[in-house]
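Notes to accompany the following structure.
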Amino acid sequence: MEITYNLKPASERRTEQFKPEGNVGFGSLRTDHMFLMDYHDGQWCDPRIVPYGPFEMAPGAMALHYGQSIFEGAKAFMHEDGEIYTFRINKNAERMNRSADIVCIPNIDEQVQMDAINALIDVDRLWFPMQEGACLYIRPFIFATEDRLSVSPSTRYTFCVVLSPSGAYYAAGVNKGIRLLISKTFHRAVSGGTGASKAAGNYAASLRAGKAAAAFGASQVLYLDSTNQQIEEAGAMNHFHILKDGTVIIPTFTDTILKSITSQSIMELGEMLGCEVRQETVMLDQFIADIESGEIVEAGGFGTAAVVSAVGSYIFEDGHVVTVGNGEVGEHVQRIYKLYTEIQKGHIQGPEGWVKRVERLAK
């Protein structure tokens with residue numbers, strides 16, 4: 001792929017490594033540039049890196065009216081050698097195409113997606129925030145741009161990648177369990193829908209449920225299947241729980257659950273973690289009974305942003321509260337979080353190919 005570089009003048013670009021005085025937060029900052037590529041006449045074309053800024057879009061752009069839009073989320077880290085390394089972005093590229101298939105968006109070759117991400121990071125590498133637990137959060141996304149008001153797949157799209165210099169999601173570390181609302185009112189997805197895609201509309205649909213959770217003092221909703229019998233996802237994360245023998249259980253992936261790359265990675269790290277990690281159908285009634293009997297000792301969610309979020313308690317819509325263990329963050333969650341983040345930062349050697357150095361190619 002031949003990328004055109006239309007960069008800011010050198011006088012307007014960052015010239016020194018970003019050294020923020022305080023925690024920069026998560027997802028609020030942007031770097032100097034973004035990657036763009038367009039789809040029309042049946043092909044992706046004109047890959048380019050340009051200054052970060054507004055899009056020019058027709059009011060009739062189909063993404064605005066029919067929600068034909070998907071996205072991904074990944075991270076890059078600076079290692080002790082001063083170089084920046086991406087973490088499993090091949091899995092993000094693979095999942096982007098799965099999402100694209102579900103909402104009728106043309107695929108983008110996985111290597112093209114990865115080359116775009118690496119080129120943009122290389123151009124804006126001085127934006128990596130130099131503080132403990134920091135990363136460059138990577139947000140690739142695709143949206144429909146054809147100016148048409150009839151309902152059918154667009155014939156024109158834009159692929160964009162932006163970067164967000166971000167601090168640790170949990171500035172003080174994983175030291176507090178969250179509460180989840182177990183809702184039988186709200187459902188994230190039904191079989192045959194878009195639940196297995198990272199479609200923008202799925203997240204818009206979750207906002208009302210999120211407001212309901214807040215009213216119960218909960219951080220997010222633990223979604224059930226449409227029959228209210230099986231556990232599916234926890235807000236924007238894959239749910240998990242841990243048995244008293246250390247076994248990690250993740251609900252079996254279905255077409256109503258987004259396959260978390262973090263979950264998939266944890267399953268591959270079972271040997272390094274020293275425990276069994278497996279998937280199975282999780283029935284709500286048995287899950288609650290196992291918490292109350294002490295068979296389940298820890299629980300939480302896996303996701304890119306937080307990596308691991310521990311759940312201290314669940315609340316039902318009738319106000320009944322079920323506490324996991326002693327309600328605190330347990331040793332198993334702490335161990336998972338530490339191993340995973342140490343691999344990301346290059347302090348521990350992970351499986352082959354998980355972290356890859358961003359080549360210095362900037363024009």
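Numbering starts fresh at 1 for the residues of each chain in the structure tokens, the chains themselves are lettered A, B, ... in the order given, and ligands are numbered from 1 as they appear.
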
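Excluding region 119-134 of chain A and any residue on its chain fewer than 5 positions from it, the residues at most 6 Å away by only C-alpha atoms are Gln17, Phe18, Lys19, Pro165, Ser166, Gly167, Ala168, Arg360 and Ala362 of chain A.
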
Handout entry: Who sits within 10 Å of region 284-298 of chain A, only C-alpha atoms, same chain under 4 positions skipped, as a ChimeraX atom specification
Key = /A:177,182,224-225,228-232,240-249,310-314,322-333

Keeping N, CA, C and O atoms for every residue in the selection just given, could you write it to a file as a short mmCIF file (atom, residue, chain, number, x, y, z; two decimals), in the first residue's frame?
```cif
data_model
loop_
_atom_site.label_atom_id
_atom_site.label_comp_id
_atom_site.auth_asym_id
_atom_site.auth_seq_id
_atom_site.Cartn_x
_atom_site.Cartn_y
_atom_site.Cartn_z
N GLY A 177 -13.95 -3.38 43.41
CA GLY A 177 -14.93 -4.09 42.61
C GLY A 177 -16.09 -3.19 42.23
O GLY A 177 -16.51 -2.34 43.02
N ILE A 182 -28.25 -6.75 37.16
CA ILE A 182 -28.78 -7.88 36.41
C ILE A 182 -30.19 -7.51 35.98
O ILE A 182 -31.11 -7.45 36.79
N LEU A 224 -28.60 -10.47 29.93
CA LEU A 224 -29.03 -11.85 29.80
C LEU A 224 -29.49 -12.09 28.37
O LEU A 224 -29.69 -11.14 27.60
N ASP A 225 -29.68 -13.36 28.01
CA ASP A 225 -30.24 -13.65 26.69
C ASP A 225 -31.71 -13.25 26.67
O ASP A 225 -32.28 -12.85 27.69
N ASN A 228 -33.99 -14.50 29.37
CA ASN A 228 -33.61 -14.13 30.74
C ASN A 228 -33.13 -15.32 31.55
O ASN A 228 -33.25 -15.33 32.78
N GLN A 229 -32.53 -16.29 30.89
CA GLN A 229 -32.03 -17.47 31.59
C GLN A 229 -30.51 -17.59 31.56
O GLN A 229 -29.93 -18.16 32.49
N GLN A 230 -29.86 -17.07 30.51
CA GLN A 230 -28.42 -17.24 30.36
C GLN A 230 -27.70 -15.90 30.47
O GLN A 230 -28.19 -14.88 29.99
N ILE A 231 -26.51 -15.93 31.06
CA ILE A 231 -25.67 -14.74 31.15
C ILE A 231 -24.94 -14.54 29.82
O ILE A 231 -24.40 -15.49 29.25
N GLU A 232 -24.92 -13.31 29.34
CA GLU A 232 -24.22 -13.01 28.09
C GLU A 232 -23.04 -12.05 28.34
O GLU A 232 -21.96 -12.48 28.65
N PHE A 240 -16.99 -12.82 32.99
CA PHE A 240 -16.31 -14.05 33.41
C PHE A 240 -16.55 -14.26 34.89
O PHE A 240 -16.93 -13.34 35.62
N HIS A 241 -16.34 -15.48 35.35
CA HIS A 241 -16.29 -15.73 36.79
C HIS A 241 -15.23 -16.79 37.08
O HIS A 241 -14.77 -17.49 36.17
N ILE A 242 -14.85 -16.87 38.32
CA ILE A 242 -13.76 -17.76 38.73
C ILE A 242 -14.24 -18.67 39.86
O ILE A 242 -14.80 -18.20 40.85
N LEU A 243 -14.02 -19.97 39.68
CA LEU A 243 -14.41 -20.95 40.68
C LEU A 243 -13.37 -21.02 41.80
O LEU A 243 -12.24 -20.55 41.66
N LYS A 244 -13.74 -21.65 42.90
CA LYS A 244 -12.84 -21.69 44.05
C LYS A 244 -11.56 -22.48 43.78
O LYS A 244 -10.57 -22.30 44.48
N ASP A 245 -11.56 -23.33 42.72
CA ASP A 245 -10.33 -24.03 42.36
C ASP A 245 -9.48 -23.22 41.39
O ASP A 245 -8.45 -23.70 40.91
N GLY A 246 -9.89 -21.98 41.08
CA GLY A 246 -9.12 -21.11 40.20
C GLY A 246 -9.53 -21.15 38.74
O GLY A 246 -9.00 -20.39 37.93
N THR A 247 -10.46 -22.03 38.37
CA THR A 247 -10.90 -22.14 36.98
C THR A 247 -11.64 -20.87 36.56
O THR A 247 -12.51 -20.37 37.28
N VAL A 248 -11.27 -20.34 35.38
CA VAL A 248 -11.92 -19.15 34.82
C VAL A 248 -12.97 -19.60 33.81
O VAL A 248 -12.66 -20.35 32.88
N ILE A 249 -14.19 -19.12 33.97
CA ILE A 249 -15.29 -19.47 33.08
C ILE A 249 -15.74 -18.22 32.31
O ILE A 249 -16.06 -17.19 32.91
N ALA A 310 -13.03 -6.04 37.99
CA ALA A 310 -13.57 -6.97 38.99
C ALA A 310 -14.98 -6.55 39.39
O ALA A 310 -15.27 -5.36 39.54
N VAL A 311 -15.85 -7.52 39.57
CA VAL A 311 -17.21 -7.26 40.04
C VAL A 311 -17.30 -7.67 41.52
O VAL A 311 -17.00 -8.81 41.87
N GLY A 312 -17.69 -6.69 42.34
CA GLY A 312 -17.84 -6.98 43.77
C GLY A 312 -19.23 -7.43 44.13
O GLY A 312 -19.41 -8.17 45.10
N SER A 313 -20.24 -6.98 43.36
CA SER A 313 -21.61 -7.36 43.68
C SER A 313 -22.51 -7.17 42.48
O SER A 313 -22.18 -6.45 41.53
N TYR A 314 -23.65 -7.83 42.53
CA TYR A 314 -24.70 -7.72 41.51
C TYR A 314 -25.98 -7.26 42.21
O TYR A 314 -26.25 -7.67 43.36
N VAL A 322 -26.41 -9.39 45.54
CA VAL A 322 -25.60 -10.60 45.74
C VAL A 322 -24.14 -10.19 45.69
O VAL A 322 -23.68 -9.60 44.70
N THR A 323 -23.41 -10.49 46.75
CA THR A 323 -22.00 -10.10 46.84
C THR A 323 -21.11 -11.28 46.48
O THR A 323 -21.33 -12.40 46.94
N VAL A 324 -20.10 -11.00 45.67
CA VAL A 324 -19.14 -12.04 45.25
C VAL A 324 -18.01 -12.09 46.27
O VAL A 324 -17.31 -11.09 46.48
N GLY A 325 -17.82 -13.26 46.90
CA GLY A 325 -16.76 -13.38 47.90
C GLY A 325 -16.96 -12.34 48.99
O GLY A 325 -18.04 -12.21 49.56
N ASN A 326 -15.89 -11.56 49.25
CA ASN A 326 -16.00 -10.49 50.26
C ASN A 326 -16.25 -9.14 49.61
O ASN A 326 -16.17 -8.10 50.29
N GLY A 327 -16.54 -9.14 48.32
CA GLY A 327 -16.83 -7.90 47.62
C GLY A 327 -15.60 -7.14 47.15
O GLY A 327 -15.72 -6.09 46.51
N GLU A 328 -14.43 -7.66 47.46
CA GLU A 328 -13.18 -6.98 47.09
C GLU A 328 -12.57 -7.63 45.84
O GLU A 328 -13.01 -8.69 45.40
N VAL A 329 -11.55 -6.99 45.32
CA VAL A 329 -10.82 -7.54 44.17
C VAL A 329 -9.98 -8.72 44.65
O VAL A 329 -9.16 -8.57 45.58
N GLY A 330 -10.16 -9.88 44.03
CA GLY A 330 -9.48 -11.08 44.50
C GLY A 330 -8.13 -11.32 43.88
O GLY A 330 -7.71 -10.65 42.93
N GLU A 331 -7.43 -12.32 44.41
CA GLU A 331 -6.07 -12.61 43.96
C GLU A 331 -6.02 -13.09 42.52
O GLU A 331 -5.05 -12.82 41.80
N HIS A 332 -7.05 -13.80 42.06
CA HIS A 332 -7.04 -14.31 40.69
C HIS A 332 -7.15 -13.17 39.68
O HIS A 332 -6.42 -13.15 38.68
N VAL A 333 -8.05 -12.23 39.93
CA VAL A 333 -8.19 -11.07 39.05
C VAL A 333 -6.89 -10.27 39.02
O VAL A 333 -6.42 -9.84 37.96
#
```

Exercise for the section: List the neighbours of Tyr137 (chain A) out to 8 Å using only C-alpha atoms; skip same-chain residues closer than 2 positions along the sequence, and give me the result as an NGL selection string. Expected result: :A and (27 or 73-76 or 135 or 139 or 163-166)

Output the selection as a compact mmCIF listing (two decimals), in the first residue's frame - N, CA, C and O atoms for each residue.
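Writing done, so here's result38.txt:
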```txt
# COMPACT_ATOMS: atom_id res chain seq x y z
N GLY A 27 -8.98 8.30 26.51
CA GLY A 27 -9.77 8.53 25.31
C GLY A 27 -10.13 9.96 24.97
O GLY A 27 -10.85 10.20 23.99
N GLY A 73 -11.08 -1.16 18.74
CA GLY A 73 -10.30 -0.52 19.79
C GLY A 73 -9.09 -1.37 20.11
O GLY A 73 -9.23 -2.56 20.38
N ALA A 74 -7.90 -0.78 20.05
CA ALA A 74 -6.67 -1.52 20.32
C ALA A 74 -5.71 -0.59 21.06
O ALA A 74 -6.00 0.59 21.28
N LYS A 75 -4.55 -1.12 21.44
CA LYS A 75 -3.57 -0.32 22.18
C LYS A 75 -2.15 -0.57 21.67
O LYS A 75 -1.84 -1.65 21.17
N ALA A 76 -1.33 0.47 21.85
CA ALA A 76 0.11 0.34 21.61
C ALA A 76 0.84 0.86 22.85
O ALA A 76 0.35 1.77 23.53
N CYS A 135 -0.74 4.42 27.33
CA CYS A 135 -0.76 3.74 26.03
C CYS A 135 -1.19 4.74 24.97
O CYS A 135 -1.61 5.87 25.27
N ARG A 139 -8.10 3.76 17.48
CA ARG A 139 -9.52 3.66 17.13
C ARG A 139 -9.67 3.67 15.59
O ARG A 139 -9.74 4.72 14.97
N LEU A 163 -5.78 8.25 16.90
CA LEU A 163 -5.04 7.81 18.08
C LEU A 163 -5.37 8.71 19.26
O LEU A 163 -5.54 9.92 19.10
N SER A 164 -5.44 8.10 20.43
CA SER A 164 -5.71 8.86 21.66
C SER A 164 -4.65 8.54 22.71
O SER A 164 -4.60 7.43 23.24
N PRO A 165 -3.76 9.52 23.01
CA PRO A 165 -2.80 9.31 24.11
C PRO A 165 -3.59 9.16 25.42
O PRO A 165 -4.36 10.05 25.79
N SER A 166 -3.42 8.05 26.08
CA SER A 166 -4.26 7.74 27.24
C SER A 166 -3.44 7.26 28.43
O SER A 166 -2.43 6.58 28.27
```

Excluding same-chain residues fewer than 3 positions from Met37 (chain A), what lies within 7 Å of it counting only C-alpha atoms, as a short mmCIF file (atom, residue, chain, number, x, y, z; two decimals) with N, CA, C and O atoms, in the first residue's frame?
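Dumped to out.cif:
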```
data_model
loop_
_atom_site.label_atom_id
_atom_site.label_comp_id
_atom_site.auth_asym_id
_atom_site.auth_seq_id
_atom_site.Cartn_x
_atom_site.Cartn_y
_atom_site.Cartn_z
N TRP A 44 -11.25 -0.06 -2.36
CA TRP A 44 -10.66 0.87 -1.41
C TRP A 44 -9.49 1.58 -2.09
O TRP A 44 -8.68 0.94 -2.77
N CYS A 45 -9.40 2.89 -1.90
CA CYS A 45 -8.38 3.66 -2.61
C CYS A 45 -7.98 4.91 -1.82
O CYS A 45 -8.60 5.25 -0.81
N ASP A 46 -6.94 5.58 -2.29
CA ASP A 46 -6.42 6.84 -1.77
C ASP A 46 -6.07 6.77 -0.29
O ASP A 46 -6.54 7.58 0.52
N PRO A 47 -5.21 5.83 0.12
CA PRO A 47 -4.76 5.81 1.52
C PRO A 47 -3.87 7.02 1.80
O PRO A 47 -2.93 7.30 1.05
N ARG A 48 -4.14 7.73 2.90
CA ARG A 48 -3.41 8.96 3.17
C ARG A 48 -3.41 9.27 4.66
O ARG A 48 -4.32 8.88 5.40
N THR A 158 -15.84 5.53 4.19
CA THR A 158 -14.54 6.05 4.62
C THR A 158 -14.02 5.18 5.76
O THR A 158 -14.77 4.84 6.68
N PHE A 159 -12.75 4.82 5.65
CA PHE A 159 -12.03 4.13 6.72
C PHE A 159 -11.10 5.14 7.36
O PHE A 159 -10.36 5.84 6.67
N CYS A 160 -11.15 5.25 8.67
CA CYS A 160 -10.34 6.23 9.38
C CYS A 160 -9.69 5.56 10.59
O CYS A 160 -10.27 4.65 11.20
#
```

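Omitting Ile105 (chain A) and its sequence neighbours fewer than 6 positions away, and counting only C-alpha atoms, the residues within 10 Å are Tyr39, Gln68, Ser69, Ile70, Met96, Asn97, Arg98, Ser99, Ile142, Phe143, Ala144, Pro153, Ser154, Thr155, Arg156 and Tyr157 of chain A.
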
Write out, as an mmCIF file, in the first residue's frame, the residues just selected, with N, CA and C atoms.
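See part.cif below for the written result:
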```
data_model
loop_
_atom_site.group_PDB
_atom_site.id
_atom_site.type_symbol
_atom_site.label_atom_id
_atom_site.label_comp_id
_atom_site.auth_asym_id
_atom_site.auth_seq_id
_atom_site.Cartn_x
_atom_site.Cartn_y
_atom_site.Cartn_z
ATOM 1 N N TYR A 39 -13.737 4.250 -0.085
ATOM 2 C CA TYR A 39 -14.252 3.158 -0.912
ATOM 3 C C TYR A 39 -15.273 3.708 -1.899
ATOM 4 N N GLN A 68 -24.892 2.675 9.465
ATOM 5 C CA GLN A 68 -23.941 1.736 8.881
ATOM 6 C C GLN A 68 -22.529 2.185 9.248
ATOM 7 N N SER A 69 -22.086 1.755 10.425
ATOM 8 C CA SER A 69 -20.808 2.201 10.981
ATOM 9 C C SER A 69 -20.297 1.164 11.964
ATOM 10 N N ILE A 70 -19.008 0.876 11.893
ATOM 11 C CA ILE A 70 -18.373 -0.086 12.787
ATOM 12 C C ILE A 70 -17.041 0.484 13.274
ATOM 13 N N MET A 96 -12.693 -6.600 12.674
ATOM 14 C CA MET A 96 -13.287 -5.524 11.885
ATOM 15 C C MET A 96 -13.989 -6.095 10.658
ATOM 16 N N ASN A 97 -13.353 -7.056 10.019
ATOM 17 C CA ASN A 97 -13.966 -7.649 8.832
ATOM 18 C C ASN A 97 -15.181 -8.505 9.174
ATOM 19 N N ARG A 98 -15.167 -9.148 10.350
ATOM 20 C CA ARG A 98 -16.362 -9.884 10.769
ATOM 21 C C ARG A 98 -17.522 -8.921 11.001
ATOM 22 N N SER A 99 -17.237 -7.803 11.639
ATOM 23 C CA SER A 99 -18.274 -6.789 11.845
ATOM 24 C C SER A 99 -18.771 -6.249 10.515
ATOM 25 N N ILE A 142 -15.104 2.562 10.322
ATOM 26 C CA ILE A 142 -15.593 2.668 8.945
ATOM 27 C C ILE A 142 -17.033 3.162 9.003
ATOM 28 N N PHE A 143 -17.370 4.097 8.121
ATOM 29 C CA PHE A 143 -18.742 4.593 8.085
ATOM 30 C C PHE A 143 -19.169 4.862 6.647
ATOM 31 N N ALA A 144 -20.471 4.740 6.410
ATOM 32 C CA ALA A 144 -21.044 4.894 5.078
ATOM 33 C C ALA A 144 -21.196 6.373 4.736
ATOM 34 N N PRO A 153 -27.454 -1.097 1.491
ATOM 35 C CA PRO A 153 -26.043 -0.838 1.783
ATOM 36 C C PRO A 153 -25.503 0.307 0.927
ATOM 37 N N SER A 154 -24.669 1.133 1.550
ATOM 38 C CA SER A 154 -24.031 2.245 0.837
ATOM 39 C C SER A 154 -23.071 1.706 -0.229
ATOM 40 N N THR A 155 -22.765 2.557 -1.202
ATOM 41 C CA THR A 155 -21.744 2.208 -2.203
ATOM 42 C C THR A 155 -20.449 2.988 -1.969
ATOM 43 N N ARG A 156 -20.443 3.838 -0.931
ATOM 44 C CA ARG A 156 -19.256 4.640 -0.621
ATOM 45 C C ARG A 156 -19.021 4.604 0.894
ATOM 46 N N TYR A 157 -17.751 4.506 1.278
ATOM 47 C CA TYR A 157 -17.381 4.435 2.691
ATOM 48 C C TYR A 157 -16.074 5.180 2.928
#
```

Practice task
Could you tell me, as a PyMOL selection string, which residues of region 119-335 of chain A DSSP assigns to strand (DSSP E or B) when given the backbone?
Solution key: chain A and resi 135-144+147+157-166+178-182+199+220-224+230-234+237-243+248-251+277-280+283+296-303+307-316+321-323

Exercise for the section: Go through A:Leu180, A:His239, A:Thr252, A:Ile257 one by one, measure the shortest atom-to-atom distance of each to Gln220 (chain A) using only C-alpha atoms, and give the residue with the smallest value. Expected result: A:Leu180

Handout entry: Surrounding residues of Lys259 (chain A) excluding itself and chain neighbours under 2 positions, 9 Å, only C-alpha atoms, as a list in words
Key =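 The residues satisfying every condition are Arg95, Ala196, Ser197, Asn238, Phe253, Thr254, Ile257, Ile261, Thr262, Ser263 and Gln264 of chain A.
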
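Shortest atom-to-atom contact with Leu273 (chain A) among A:Gly350, A:Ala212, A:Tyr223, A:Val24: A:Gly350, counting only C-alpha atoms.
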
Practice task
Give the helix (DSSP H, G or I) residues of region 159-362 of chain A, as assigned by DSSP on the backbone, as a ChimeraX atom specification.
Solution key: /A:200-215,261-268,270-273,284-293,331-344

Problem - One-decimal distance in Å that lies between CA of Gly201 (chain A) and CA of Ile89 (chain A) - result: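 Separation between CA of Ile89 (chain A) and CA of Gly201 (chain A): 22.8 Å.
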
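Distance annotation: of A:Phe71, A:Tyr169, A:Tyr66, A:Phe302, the residue with the minimal separation from Arg148 (chain A) is A:Tyr66; atom set is only C-alpha atoms.
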
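The space between CA of His40 (chain A) and CA of Met114 (chain A) spans 21.0 Å.
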
Practice task
Rank nothing, just name the residue among A:Ala234, A:Val174, A:Ala200, A:Val112 nearest to Glu2 (chain A), using only C-alpha atoms.
Solution key: A:Val112

Handout entry: Exercise: Gly60 (chain A) partners within 8 Å, only C-alpha atoms, chain neighbours under 4 positions left out, as JSON, numbers by chain
Key = {"A": [64, 65, 146, 147, 148, 149]}

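Taking CA of Met272 (chain A) and CA of Tyr337 (chain A) as the two end points, the separation is 12.6 Å.
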